[in-house]
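What follows is structure.cif (mmCIF, C-alpha atoms).
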```cif
data_start
loop_
_atom_site.label_atom_id
_atom_site.label_comp_id
_atom_site.auth_asym_id
_atom_site.auth_seq_id
_atom_site.Cartn_x
_atom_site.Cartn_y
_atom_site.Cartn_z
CA MET A 1 118.50 -53.66 -163.07
CA LEU A 2 118.99 -50.07 -161.94
CA ARG A 3 120.87 -49.09 -165.10
CA GLU A 4 117.88 -50.08 -167.24
CA ILE A 5 115.49 -48.27 -164.92
CA LEU A 6 117.57 -45.09 -165.14
CA THR A 7 117.17 -45.00 -168.93
CA GLN A 8 113.47 -44.26 -168.34
CA PHE A 9 114.35 -41.21 -166.27
CA GLN A 10 117.49 -39.99 -168.00
CA ASP A 11 115.92 -36.61 -168.81
CA GLU A 12 115.31 -36.01 -165.09
CA THR A 13 118.56 -37.45 -163.77
CA ILE A 14 121.46 -35.23 -162.75
CA VAL A 15 124.81 -36.88 -163.50
CA ILE A 16 127.84 -35.94 -161.39
CA ASP A 17 130.96 -36.91 -163.37
CA LYS A 18 133.62 -35.69 -160.95
CA PRO A 19 134.77 -37.73 -157.91
CA VAL A 20 132.49 -37.23 -154.90
CA ASN A 21 133.42 -37.92 -151.30
CA LYS A 22 131.06 -40.35 -149.54
CA LYS A 23 131.57 -38.41 -146.30
CA PHE A 24 129.02 -35.54 -146.29
CA GLU A 25 129.52 -34.51 -149.96
CA ILE A 26 126.90 -36.95 -151.27
CA THR A 27 124.49 -35.46 -148.73
CA LYS A 28 125.02 -31.93 -150.03
CA TYR A 29 124.02 -32.92 -153.56
CA LEU A 30 120.99 -34.92 -152.42
CA LEU A 31 119.81 -32.02 -150.26
CA GLN A 32 120.26 -29.52 -153.07
CA HIS A 33 118.14 -31.58 -155.51
CA LYS A 34 115.60 -33.18 -153.18
CA ASP A 35 113.20 -34.58 -155.77
CA GLN A 36 115.57 -35.32 -158.66
CA PRO A 37 117.55 -38.53 -159.22
CA ILE A 38 121.29 -38.00 -158.92
CA LEU A 39 123.78 -40.45 -160.40
CA PHE A 40 127.28 -40.16 -158.95
CA MET A 41 129.77 -41.66 -161.40
CA ASP A 42 132.75 -41.87 -159.04
CA VAL A 43 132.40 -42.51 -155.32
CA ASP A 44 135.62 -44.34 -154.48
CA GLY A 45 135.44 -45.82 -157.98
CA TRP A 46 131.79 -46.96 -157.67
CA GLU A 47 128.59 -45.58 -159.16
CA VAL A 48 125.89 -44.43 -156.72
CA ILE A 49 122.24 -43.43 -157.24
CA GLY A 50 120.19 -41.31 -154.84
CA ASN A 51 116.72 -39.70 -154.89
CA LEU A 52 115.58 -42.14 -157.61
CA TRP A 53 112.17 -42.85 -156.06
CA SER A 54 111.67 -39.43 -154.46
CA THR A 55 108.25 -38.62 -156.01
CA ARG A 56 104.92 -40.43 -156.29
CA GLU A 57 104.85 -39.47 -159.97
CA ARG A 58 108.13 -41.25 -160.76
CA ILE A 59 107.12 -44.37 -158.87
CA SER A 60 103.74 -44.46 -160.60
CA LYS A 61 105.26 -43.87 -164.02
CA TYR A 62 107.64 -46.82 -163.62
CA LEU A 63 104.77 -49.07 -162.52
CA GLY A 64 102.61 -47.88 -165.45
CA ILE A 65 99.81 -46.42 -163.30
CA LYS A 66 98.44 -43.02 -162.32
CA ARG A 67 99.46 -41.33 -159.08
CA SER A 68 95.94 -41.70 -157.73
CA GLU A 69 96.09 -45.46 -158.36
CA LEU A 70 99.23 -46.09 -156.32
CA LEU A 71 97.36 -46.66 -153.05
CA TYR A 72 95.06 -49.25 -154.62
CA PHE A 73 97.94 -50.91 -156.50
CA MET A 74 99.81 -51.52 -153.24
CA MET A 75 96.68 -52.58 -151.40
CA LYS A 76 95.85 -55.17 -154.04
CA ALA A 77 99.37 -56.62 -153.89
CA ILE A 78 99.34 -56.77 -150.08
CA ASP A 79 95.91 -58.47 -150.05
CA ASN A 80 96.72 -60.85 -152.91
CA PRO A 81 100.37 -62.02 -152.67
CA ARG A 82 101.53 -64.11 -155.59
CA PRO A 83 104.05 -66.98 -155.83
CA TYR A 84 107.56 -66.04 -156.92
CA LYS A 85 109.57 -68.05 -159.42
CA GLU A 86 112.79 -69.83 -158.50
CA VAL A 87 115.52 -69.74 -161.16
CA SER A 88 119.11 -70.95 -161.23
CA GLU A 89 121.02 -67.92 -162.52
CA ALA A 90 121.43 -64.26 -161.62
CA GLU A 91 123.63 -61.48 -162.97
CA PHE A 92 125.17 -60.83 -159.56
CA PHE A 93 126.77 -64.30 -159.53
CA LYS A 94 129.26 -63.03 -162.15
CA ASN A 95 131.25 -61.21 -159.46
CA SER A 96 131.79 -62.73 -156.03
CA THR A 97 134.51 -62.28 -153.43
CA LYS A 98 135.33 -62.63 -149.76
CA ASP A 99 138.17 -60.14 -150.21
CA PHE A 100 136.38 -56.84 -149.65
CA SER A 101 136.16 -54.10 -147.07
CA LEU A 102 132.98 -52.31 -146.06
CA LYS A 103 135.11 -49.21 -145.59
CA ASP A 104 136.01 -49.24 -149.30
CA LEU A 105 132.44 -49.53 -150.53
CA PRO A 106 130.46 -46.37 -151.40
CA VAL A 107 128.49 -46.52 -148.15
CA PRO A 108 127.80 -42.86 -147.25
CA HIS A 109 128.49 -41.05 -144.01
CA TYR A 110 125.49 -38.73 -144.30
CA PHE A 111 125.64 -36.27 -141.39
CA PRO A 112 128.43 -35.09 -139.04
CA LYS A 113 126.99 -36.60 -135.85
CA ASP A 114 126.07 -39.95 -137.41
CA GLY A 115 127.91 -42.87 -135.84
CA GLY A 116 129.68 -43.55 -139.14
CA GLN A 117 128.99 -44.90 -142.63
CA TYR A 118 125.45 -46.25 -142.97
CA PHE A 119 123.74 -48.75 -145.23
CA THR A 120 120.28 -47.18 -145.51
CA SER A 121 118.71 -49.10 -148.41
CA ALA A 122 119.85 -52.49 -147.07
CA ILE A 123 117.10 -55.11 -147.14
CA TYR A 124 117.69 -58.15 -144.94
CA ILE A 125 116.40 -61.55 -146.04
CA ALA A 126 116.04 -64.34 -143.48
CA LYS A 127 114.38 -67.75 -143.57
CA ASP A 128 112.41 -69.58 -140.88
CA GLY A 129 111.35 -72.95 -142.27
CA ASP A 130 109.39 -72.13 -145.43
CA PHE A 131 108.81 -68.51 -144.39
CA VAL A 132 111.05 -65.86 -145.98
CA ASN A 133 111.13 -62.39 -144.42
CA LEU A 134 112.30 -59.15 -146.07
CA SER A 135 112.78 -55.96 -144.09
CA TYR A 136 114.80 -52.73 -144.06
CA HIS A 137 117.36 -52.20 -141.34
CA ARG A 138 119.79 -49.32 -141.12
CA THR A 139 123.29 -50.70 -140.64
CA MET A 140 126.28 -48.80 -139.23
CA VAL A 141 129.72 -49.87 -140.45
CA ARG A 142 132.17 -50.69 -137.63
CA ASP A 143 135.20 -51.95 -139.57
CA GLU A 144 136.15 -53.85 -142.71
CA LYS A 145 133.72 -56.74 -142.19
CA THR A 146 131.36 -55.91 -139.30
CA ALA A 147 128.52 -53.50 -138.59
CA THR A 148 125.72 -52.97 -136.09
CA VAL A 149 122.13 -53.36 -137.26
CA ARG A 150 119.10 -51.56 -135.82
CA LEU A 151 116.46 -54.23 -135.16
CA VAL A 152 113.07 -52.81 -134.23
CA PRO A 153 111.01 -55.52 -132.44
CA ARG A 154 109.29 -56.99 -135.49
CA HIS A 155 109.73 -60.19 -137.51
CA LEU A 156 113.51 -60.19 -138.07
CA TYR A 157 114.06 -59.23 -134.43
CA ALA A 158 111.98 -62.25 -133.33
CA MET A 159 113.97 -64.55 -135.62
CA TRP A 160 117.28 -63.16 -134.31
CA LYS A 161 116.13 -63.26 -130.67
CA GLU A 162 115.27 -66.94 -130.86
CA LYS A 163 118.76 -67.73 -132.18
CA ALA A 164 120.56 -65.35 -129.81
CA GLU A 165 118.93 -66.90 -126.73
CA HIS A 166 120.63 -70.17 -127.68
CA GLY A 167 123.94 -68.47 -128.45
CA GLU A 168 123.46 -68.98 -132.19
CA GLU A 169 123.90 -66.73 -135.23
CA LEU A 170 121.13 -65.85 -137.68
CA ASP A 171 122.04 -66.43 -141.31
CA VAL A 172 120.88 -63.57 -143.57
CA ARG A 173 121.33 -62.15 -147.04
CA ILE A 174 121.57 -58.38 -147.44
CA ILE A 175 120.60 -56.82 -150.76
CA VAL A 176 121.26 -53.29 -152.03
CA GLY A 177 120.06 -51.73 -155.29
CA ASN A 178 116.59 -52.97 -156.22
CA PRO A 179 113.58 -51.89 -158.31
CA ILE A 180 110.61 -50.22 -156.65
CA HIS A 181 108.36 -53.29 -156.39
CA ILE A 182 110.92 -54.95 -154.13
CA LEU A 183 111.60 -51.77 -152.17
CA LEU A 184 107.92 -51.12 -151.48
CA ALA A 185 107.19 -54.75 -150.61
CA ALA A 186 110.05 -54.84 -148.08
CA ALA A 187 108.46 -51.89 -146.25
CA THR A 188 105.06 -53.56 -145.84
CA SER A 189 104.05 -55.25 -142.59
CA PRO A 190 102.17 -58.47 -143.43
CA GLN A 191 101.38 -61.04 -140.78
CA TYR A 192 104.12 -63.51 -139.85
CA GLY A 193 104.17 -66.27 -142.46
CA VAL A 194 103.36 -64.04 -145.44
CA SER A 195 106.55 -63.30 -147.35
CA GLU A 196 107.26 -59.83 -148.69
CA LEU A 197 108.74 -61.65 -151.71
CA SER A 198 105.18 -62.73 -152.58
CA ILE A 199 103.95 -59.14 -152.29
CA ALA A 200 106.79 -57.99 -154.56
CA SER A 201 105.82 -60.74 -157.00
CA ALA A 202 102.22 -59.52 -157.04
CA MET A 203 103.39 -55.96 -157.79
CA ARG A 204 105.64 -57.20 -160.58
CA GLU A 205 102.84 -59.25 -162.13
CA MET A 206 100.44 -56.30 -162.07
CA ALA A 207 102.99 -53.86 -163.49
CA PHE A 208 104.93 -56.02 -165.95
CA GLY A 209 102.99 -59.27 -166.39
CA LYS A 210 105.76 -61.43 -164.93
CA SER A 211 106.26 -62.89 -161.47
CA LEU A 212 109.28 -62.05 -159.33
CA GLU A 213 112.31 -64.23 -160.00
CA VAL A 214 114.56 -65.35 -157.14
CA VAL A 215 117.69 -67.45 -156.90
CA GLU A 216 119.01 -69.32 -153.89
CA VAL A 217 122.20 -67.96 -152.37
CA ASN A 218 123.32 -70.78 -150.10
CA GLY A 219 119.79 -71.71 -149.12
CA ILE A 220 118.14 -68.28 -148.94
CA PRO A 221 116.13 -66.89 -151.90
CA VAL A 222 117.28 -63.53 -153.25
CA PRO A 223 115.67 -61.42 -156.03
CA VAL A 224 117.70 -61.74 -159.23
CA GLU A 225 117.28 -57.98 -159.86
CA SER A 226 119.57 -57.03 -156.94
CA GLU A 227 122.72 -55.05 -157.73
CA PHE A 228 124.65 -56.11 -154.58
CA VAL A 229 124.15 -59.21 -152.42
CA PHE A 230 125.98 -59.99 -149.19
CA GLU A 231 126.12 -63.24 -147.27
CA ALA A 232 126.08 -62.30 -143.59
CA LYS A 233 125.31 -63.46 -140.07
CA ILE A 234 123.70 -61.53 -137.22
CA LEU A 235 125.51 -62.43 -134.00
CA PRO A 236 124.14 -62.67 -130.43
CA GLU A 237 126.77 -60.03 -129.58
CA LEU A 238 125.67 -56.39 -129.10
CA ASP A 239 127.48 -53.10 -129.71
CA GLU A 240 126.59 -49.42 -129.96
CA GLU A 241 124.53 -48.26 -132.96
CA GLY A 242 123.94 -44.57 -133.64
CA PRO A 243 123.48 -41.66 -133.47
CA PHE A 244 121.72 -41.53 -136.82
CA VAL A 245 119.52 -39.00 -138.61
CA ASP A 246 116.24 -40.78 -139.19
CA ILE A 247 113.11 -39.84 -141.15
CA THR A 248 112.24 -36.66 -139.19
CA GLY A 249 115.67 -35.14 -139.90
CA THR A 250 116.66 -35.31 -136.24
CA TYR A 251 119.19 -37.60 -134.58
CA ASP A 252 117.98 -40.92 -133.20
CA ILE A 253 119.68 -42.10 -130.02
CA VAL A 254 122.53 -44.57 -129.44
CA ARG A 255 121.39 -48.10 -128.55
CA GLU A 256 122.96 -51.50 -127.96
CA GLN A 257 122.17 -53.43 -131.13
CA PRO A 258 123.24 -56.75 -132.73
CA VAL A 259 126.52 -57.08 -134.57
CA VAL A 260 126.38 -58.33 -138.16
CA VAL A 261 129.34 -59.96 -139.92
CA PHE A 262 129.61 -59.60 -143.71
CA GLU A 263 131.22 -62.73 -145.18
CA LYS A 264 130.85 -62.65 -148.97
CA MET A 265 129.88 -60.07 -151.59
CA TYR A 266 128.24 -60.55 -155.00
CA HIS A 267 127.48 -57.84 -157.54
CA VAL A 268 126.46 -57.35 -161.15
CA GLU A 269 128.82 -55.94 -163.79
CA LYS A 270 129.18 -52.20 -163.22
CA PRO A 271 126.84 -52.16 -160.21
CA ILE A 272 125.04 -49.08 -158.96
CA PHE A 273 124.88 -48.64 -155.19
CA HIS A 274 121.60 -47.22 -153.86
CA ALA A 275 122.16 -44.43 -151.33
CA LEU A 276 118.79 -43.97 -149.65
CA PHE A 277 119.18 -40.49 -148.17
CA SER A 278 117.92 -40.54 -144.60
CA SER A 279 115.22 -37.88 -144.04
CA GLY A 280 114.99 -37.24 -147.81
CA TYR A 281 111.90 -37.52 -149.99
CA GLU A 282 112.91 -40.98 -151.21
CA HIS A 283 113.09 -42.12 -147.58
CA TYR A 284 109.62 -40.63 -147.05
CA MET A 285 108.18 -42.52 -150.03
CA LEU A 286 109.60 -45.93 -149.25
CA MET A 287 108.73 -45.77 -145.55
CA GLY A 288 105.40 -43.97 -145.81
CA LEU A 289 103.64 -45.26 -148.94
CA PRO A 290 103.10 -48.82 -147.64
CA LYS A 291 101.36 -47.39 -144.55
CA GLU A 292 98.68 -45.60 -146.57
CA PRO A 293 96.81 -48.83 -147.43
CA GLN A 294 96.73 -49.72 -143.73
CA ILE A 295 95.09 -46.39 -142.90
CA TYR A 296 92.66 -46.74 -145.81
CA LYS A 297 91.50 -50.16 -144.59
CA THR A 298 90.84 -49.10 -141.01
CA VAL A 299 88.98 -45.96 -142.10
CA LYS A 300 86.97 -47.99 -144.61
CA GLN A 301 85.71 -50.11 -141.72
CA VAL A 302 83.87 -47.12 -140.23
CA VAL A 303 83.15 -44.95 -143.30
CA PRO A 304 82.00 -46.78 -146.45
CA ARG A 305 83.22 -44.22 -149.00
CA VAL A 306 86.94 -43.44 -148.64
CA HIS A 307 88.51 -41.69 -151.62
CA GLY A 308 92.16 -41.47 -150.68
CA VAL A 309 94.84 -41.35 -148.01
CA ARG A 310 98.03 -39.33 -148.06
CA LEU A 311 100.85 -39.27 -145.56
CA THR A 312 102.20 -35.76 -146.10
CA GLU A 313 105.76 -34.75 -146.87
CA GLY A 314 105.51 -31.99 -144.26
CA GLY A 315 104.91 -34.69 -141.66
CA ALA A 316 107.85 -36.74 -142.98
CA MET A 317 105.26 -39.13 -144.48
CA TRP A 318 105.09 -40.75 -141.07
CA LEU A 319 103.45 -38.45 -138.52
CA HIS A 320 100.78 -36.50 -140.48
CA ALA A 321 97.99 -37.77 -142.75
CA VAL A 322 95.06 -36.51 -144.81
CA VAL A 323 92.03 -38.71 -145.46
CA SER A 324 89.30 -37.99 -148.02
CA ILE A 325 85.79 -39.35 -147.37
CA THR A 326 82.15 -38.91 -148.31
CA LYS A 327 80.10 -38.51 -145.15
CA GLN A 328 76.83 -40.34 -144.59
CA HIS A 329 76.49 -39.16 -141.00
CA ASP A 330 77.86 -36.12 -139.20
CA GLY A 331 80.00 -38.28 -136.91
CA ASP A 332 81.84 -39.89 -139.81
CA GLY A 333 84.67 -37.35 -139.83
CA LYS A 334 85.55 -38.00 -136.21
CA ASN A 335 85.21 -41.77 -136.60
CA ALA A 336 87.60 -41.56 -139.55
CA ILE A 337 90.14 -39.72 -137.38
CA LEU A 338 90.09 -42.42 -134.71
CA ALA A 339 90.26 -45.19 -137.31
CA ALA A 340 93.26 -43.57 -139.00
CA PHE A 341 95.18 -43.58 -135.71
CA SER A 342 94.49 -47.30 -135.29
CA GLY A 343 95.65 -48.02 -138.86
CA HIS A 344 99.03 -46.39 -138.33
CA PRO A 345 99.90 -46.16 -134.61
CA SER A 346 102.84 -43.80 -135.27
CA LEU A 347 100.44 -41.22 -136.69
CA LYS A 348 100.32 -37.99 -134.69
CA HIS A 349 98.05 -35.66 -136.68
CA VAL A 350 95.26 -36.38 -139.17
CA VAL A 351 92.99 -34.12 -141.21
CA VAL A 352 89.76 -35.53 -142.65
CA VAL A 353 88.34 -33.72 -145.70
CA ASP A 354 85.47 -34.04 -148.18
CA GLU A 355 85.87 -35.62 -151.60
CA ASP A 356 86.07 -32.22 -153.35
CA ILE A 357 89.40 -31.45 -151.66
CA ASP A 358 92.64 -32.42 -153.43
CA ILE A 359 94.60 -34.31 -150.77
CA TYR A 360 97.84 -33.83 -152.75
CA ASP A 361 97.49 -30.02 -152.65
CA ASP A 362 98.59 -28.57 -149.30
CA ARG A 363 96.86 -25.25 -150.05
CA ASP A 364 93.58 -27.01 -150.76
CA ILE A 365 93.85 -28.88 -147.45
CA GLU A 366 94.56 -25.65 -145.59
CA TRP A 367 91.59 -24.02 -147.33
CA ALA A 368 89.34 -26.83 -146.08
CA ILE A 369 90.59 -26.25 -142.53
CA ALA A 370 90.10 -22.49 -142.90
CA THR A 371 86.51 -22.73 -144.16
CA ARG A 372 85.08 -25.97 -142.73
CA PHE A 373 86.65 -26.37 -139.29
CA GLN A 374 85.83 -24.97 -135.86
CA ALA A 375 88.24 -25.88 -133.07
CA ASP A 376 85.62 -26.02 -130.31
CA LYS A 377 83.64 -28.81 -132.00
CA ASP A 378 85.75 -30.32 -134.79
CA LEU A 379 89.02 -31.02 -132.96
CA ILE A 380 89.88 -34.34 -131.32
CA ILE A 381 92.79 -34.45 -128.86
CA ILE A 382 94.13 -37.73 -127.48
CA PRO A 383 96.71 -37.02 -124.75
CA LYS A 384 99.57 -39.20 -123.59
CA THR A 385 99.18 -42.15 -125.94
CA ARG A 386 101.72 -44.43 -127.56
CA GLY A 387 103.28 -42.77 -130.60
CA SER A 388 106.37 -42.91 -132.77
CA SER A 389 109.82 -43.28 -131.24
CA LEU A 390 111.02 -41.11 -134.14
CA ASP A 391 109.07 -38.06 -132.91
CA PRO A 392 111.59 -35.94 -130.99
CA SER A 393 108.79 -34.05 -129.22
CA GLY A 394 107.45 -37.24 -127.65
CA GLU A 395 108.41 -38.44 -124.20
CA ARG A 396 109.57 -42.05 -123.88
CA GLY A 397 107.47 -43.08 -126.86
CA PHE A 398 104.32 -41.24 -125.69
CA THR A 399 102.75 -38.30 -127.50
CA THR A 400 99.54 -36.28 -127.78
CA LYS A 401 97.61 -36.97 -130.97
CA TRP A 402 95.11 -34.65 -132.57
CA GLY A 403 92.69 -34.80 -135.46
CA ILE A 404 90.86 -32.15 -137.46
CA ASP A 405 87.44 -32.81 -138.95
CA ALA A 406 87.44 -30.41 -141.91
CA THR A 407 84.32 -31.82 -143.53
CA LYS A 408 81.08 -29.95 -144.25
CA PRO A 409 78.12 -30.38 -141.87
CA LEU A 410 75.51 -32.43 -143.73
CA ASP A 411 72.61 -30.15 -142.76
CA ARG A 412 74.38 -27.02 -144.06
CA LYS A 413 76.61 -28.38 -146.80
CA GLU A 414 75.20 -26.07 -149.48
CA GLU A 415 76.65 -23.13 -147.49
CA PHE A 416 80.15 -24.58 -147.91
CA GLU A 417 80.09 -25.27 -151.63
CA ARG A 418 82.83 -23.65 -153.69
CA ALA A 419 81.85 -21.21 -156.39
CA LYS A 420 82.12 -22.66 -159.91
CA ILE A 421 81.60 -21.50 -163.47
#
```

In structure tokens, write the structure found in this file.
Amino acid sequence: MLREILTQFQDETIVIDKPVNKKFEITKYLLQHKDQPILFMDVDGWEVIGNLWSTRERISKYLGIKRSELLYFMMKAIDNPRPYKEVSEAEFFKNSTKDFSLKDLPVPHYFPKDGGQYFTSAIYIAKDGDFVNLSYHRTMVRDEKTATVRLVPRHLYAMWKEKAEHGEELDVRIIVGNPIHILLAAATSPQYGVSELSIASAMREMAFGKSLEVVEVNGIPVPVESEFVFEAKILPELDEEGPFVDITGTYDIVREQPVVVFEKMYHVEKPIFHALFSSGYEHYMLMGLPKEPQIYKTVKQVVPRVHGVRLTEGGAMWLHAVVSITKQHDGDGKNAILAAFSGHPSLKHVVVVDEDIDIYDDRDIEWAIATRFQADKDLIIIPKTRGSSLDPSGERGFTTKWGIDATKPLDRKEEFERAKI
């Protein structure tokens, strides 16, 4: 539960005792303390946590690993999903009601031009036969019981589309307030048929020696560690969703999106609502970290020795990456660039460096570019290719991608060695 997790980080956590308005005021605190957890004690009578998972160090500490091991930890879980355990009880069953209003919950209205209050940490759970899908979907509150949900054309969209074409509703469970192994797993993109619950279970086994426990909520399995659980249905009906500030800190457009009806709410005693601040460092981590293993794998296919991958905070952990390799051939740097783009199609800019460069140090990366890169021979430009819809500089989803090979030439590498004592 989040309250137990917070005890591990109580020395870092800022506690706001006074009442805080969920309209814009939460945002001001989260912006002021970008990489520190903030616990709001009174948001319309509810407790709210933000910025909890805003650094790699905090995530790694909770999982009991080093920062440098986080990439391999996630990759192992994605490649080796583990069965989850079904149980009969969960703490959130202690409080259940159909008499609630979304307007009264501590769902923040983050920025002035946002379409309204937004669930940002909401994970949707849907079932198709034996397959259980988990995925994040921002959800804009319309009124007391309904909202509009942004469905990007992936697994949940396909499940909803099949129902909607027959005029049917899709039954879902929506969970808010979860530990990091569930949050990271929900942001992965396994093939259809592989449940993110199994990936979360693998992470939990590796970190804590126990598989993930789930309980059925009217036929759909839900992690027992959830703070809030909602029974809901996604309708065939569409309504406007947006504008909304997404990961780049700019406003995403208004679209016609499915309407979701919230029918029943469950929560633990003294629940803590997770406010995932859009365009904040925590948003970067949860959206970007699961993409690093994908980039690693595709680069590894063309360069045998890959030492690390980092989606950078300056690139919103979505558009810019740094990859560390050991070259065997002089073309390896450029091959790594092209492979990185295939591993994460939203990627716009990648820098490839040697193993002696610290990919978590922006100054070290810039030094490598300054001393090991020549634009006339080490720059790759790919014009007018499919990119991220979240990049405001793109045009209708198309962008120009570019890569920098900041590795040493093999035949002159001794000229590029750093001085040491």

Who sits within 7 Å of Val352 in chain A, only C-alpha atoms, same chain under 5 positions skipped, as a PyMOL selection string: chain A and resi 322-324+333+337+404-407

Which residues of range 62-151 of chain A come within 10 Å of range 235-246 of chain A, and for each one, what is the closest pair of atoms and their distance in Å to one decimal, counting only C-alpha atoms, sorted by chain and residue number, as JSON lines?
```
{"residue": "A:His109", "atom": "CA", "partner": "A:Phe244", "partner_atom": "CA", "distance": 9.9}
{"residue": "A:Tyr110", "atom": "CA", "partner": "A:Val245", "partner_atom": "CA", "distance": 8.3}
{"residue": "A:Phe111", "atom": "CA", "partner": "A:Val245", "partner_atom": "CA", "distance": 7.3}
{"residue": "A:Pro112", "atom": "CA", "partner": "A:Phe244", "partner_atom": "CA", "distance": 9.6}
{"residue": "A:Lys113", "atom": "CA", "partner": "A:Pro243", "partner_atom": "CA", "distance": 6.6}
{"residue": "A:Asp114", "atom": "CA", "partner": "A:Phe244", "partner_atom": "CA", "distance": 4.7}
{"residue": "A:Gly115", "atom": "CA", "partner": "A:Gly242", "partner_atom": "CA", "distance": 4.8}
{"residue": "A:Gly116", "atom": "CA", "partner": "A:Gly242", "partner_atom": "CA", "distance": 8.0}
{"residue": "A:Gln117", "atom": "CA", "partner": "A:Phe244", "partner_atom": "CA", "distance": 9.9}
{"residue": "A:Tyr118", "atom": "CA", "partner": "A:Phe244", "partner_atom": "CA", "distance": 8.6}
{"residue": "A:Thr120", "atom": "CA", "partner": "A:Asp246", "partner_atom": "CA", "distance": 9.9}
{"residue": "A:Arg138", "atom": "CA", "partner": "A:Phe244", "partner_atom": "CA", "distance": 9.1}
{"residue": "A:Thr139", "atom": "CA", "partner": "A:Glu241", "partner_atom": "CA", "distance": 8.2}
{"residue": "A:Met140", "atom": "CA", "partner": "A:Glu241", "partner_atom": "CA", "distance": 6.5}
{"residue": "A:Val141", "atom": "CA", "partner": "A:Glu241", "partner_atom": "CA", "distance": 9.3}
{"residue": "A:Arg142", "atom": "CA", "partner": "A:Glu241", "partner_atom": "CA", "distance": 9.3}
{"residue": "A:Ala147", "atom": "CA", "partner": "A:Glu241", "partner_atom": "CA", "distance": 8.7}
{"residue": "A:Thr148", "atom": "CA", "partner": "A:Glu241", "partner_atom": "CA", "distance": 5.8}
{"residue": "A:Val149", "atom": "CA", "partner": "A:Glu241", "partner_atom": "CA", "distance": 7.1}
{"residue": "A:Arg150", "atom": "CA", "partner": "A:Glu241", "partner_atom": "CA", "distance": 7.0}
```

Could those residues be written to a file, using C-alpha atoms, as an mmCIF file, keeping the file's coordinate frame?
```cif
data_model
loop_
_atom_site.group_PDB
_atom_site.id
_atom_site.type_symbol
_atom_site.label_atom_id
_atom_site.label_comp_id
_atom_site.auth_asym_id
_atom_site.auth_seq_id
_atom_site.Cartn_x
_atom_site.Cartn_y
_atom_site.Cartn_z
ATOM 1 C CA HIS A 109 128.490 -41.050 -144.010
ATOM 2 C CA TYR A 110 125.490 -38.730 -144.300
ATOM 3 C CA PHE A 111 125.640 -36.270 -141.390
ATOM 4 C CA PRO A 112 128.430 -35.090 -139.040
ATOM 5 C CA LYS A 113 126.990 -36.600 -135.850
ATOM 6 C CA ASP A 114 126.070 -39.950 -137.410
ATOM 7 C CA GLY A 115 127.910 -42.870 -135.840
ATOM 8 C CA GLY A 116 129.680 -43.550 -139.140
ATOM 9 C CA GLN A 117 128.990 -44.900 -142.630
ATOM 10 C CA TYR A 118 125.450 -46.250 -142.970
ATOM 11 C CA THR A 120 120.280 -47.180 -145.510
ATOM 12 C CA ARG A 138 119.790 -49.320 -141.120
ATOM 13 C CA THR A 139 123.290 -50.700 -140.640
ATOM 14 C CA MET A 140 126.280 -48.800 -139.230
ATOM 15 C CA VAL A 141 129.720 -49.870 -140.450
ATOM 16 C CA ARG A 142 132.170 -50.690 -137.630
ATOM 17 C CA ALA A 147 128.520 -53.500 -138.590
ATOM 18 C CA THR A 148 125.720 -52.970 -136.090
ATOM 19 C CA VAL A 149 122.130 -53.360 -137.260
ATOM 20 C CA ARG A 150 119.100 -51.560 -135.820
#
```

Name the residues that the PyMOL selection byres ((chain A and resi 221) around 9) pulls out of this structure, and write them as a PyMOL selection string. chain A and resi 86+125-127+132+173+214-220+222-223

What does the PyMOL selection byres ((chain A and resi 300-317) around 7) select in this file, as a count of residues only? 23

Got a sec to check which residues sit within 9 Å of (87.2, -28.3, -147.7), counting all atoms listed in the file, and write them as number ranges by chain? A: 353-358, 364-373, 406-408, 416-418

Just the residues within 9 Å of Pro345 in chain A, please, counting all atoms listed in the file, with nothing from its chain fewer than 5 positions along; format it as a list of chain:residue names. A:Ala340, A:Arg386, A:Gly387, A:Ser388

Quick one: pull the distance between CA of Ala207 in chain A and CA of Leu63 in chain A, Å, one decimal.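 A separation of 5.2 Å between them.
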
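Every residue that the PyMOL selection byres ((chain A and resi 31-39) around 7) selects in this file is listed here: Glu12, Thr13, Ile14, Val15, Ile16, Thr27, Lys28, Tyr29, Leu30, Phe40, Met41, Val48, Ile49, Gly50, Asn51, Leu52, Ser54, Thr55, Gly280 and Tyr281 of chain A.
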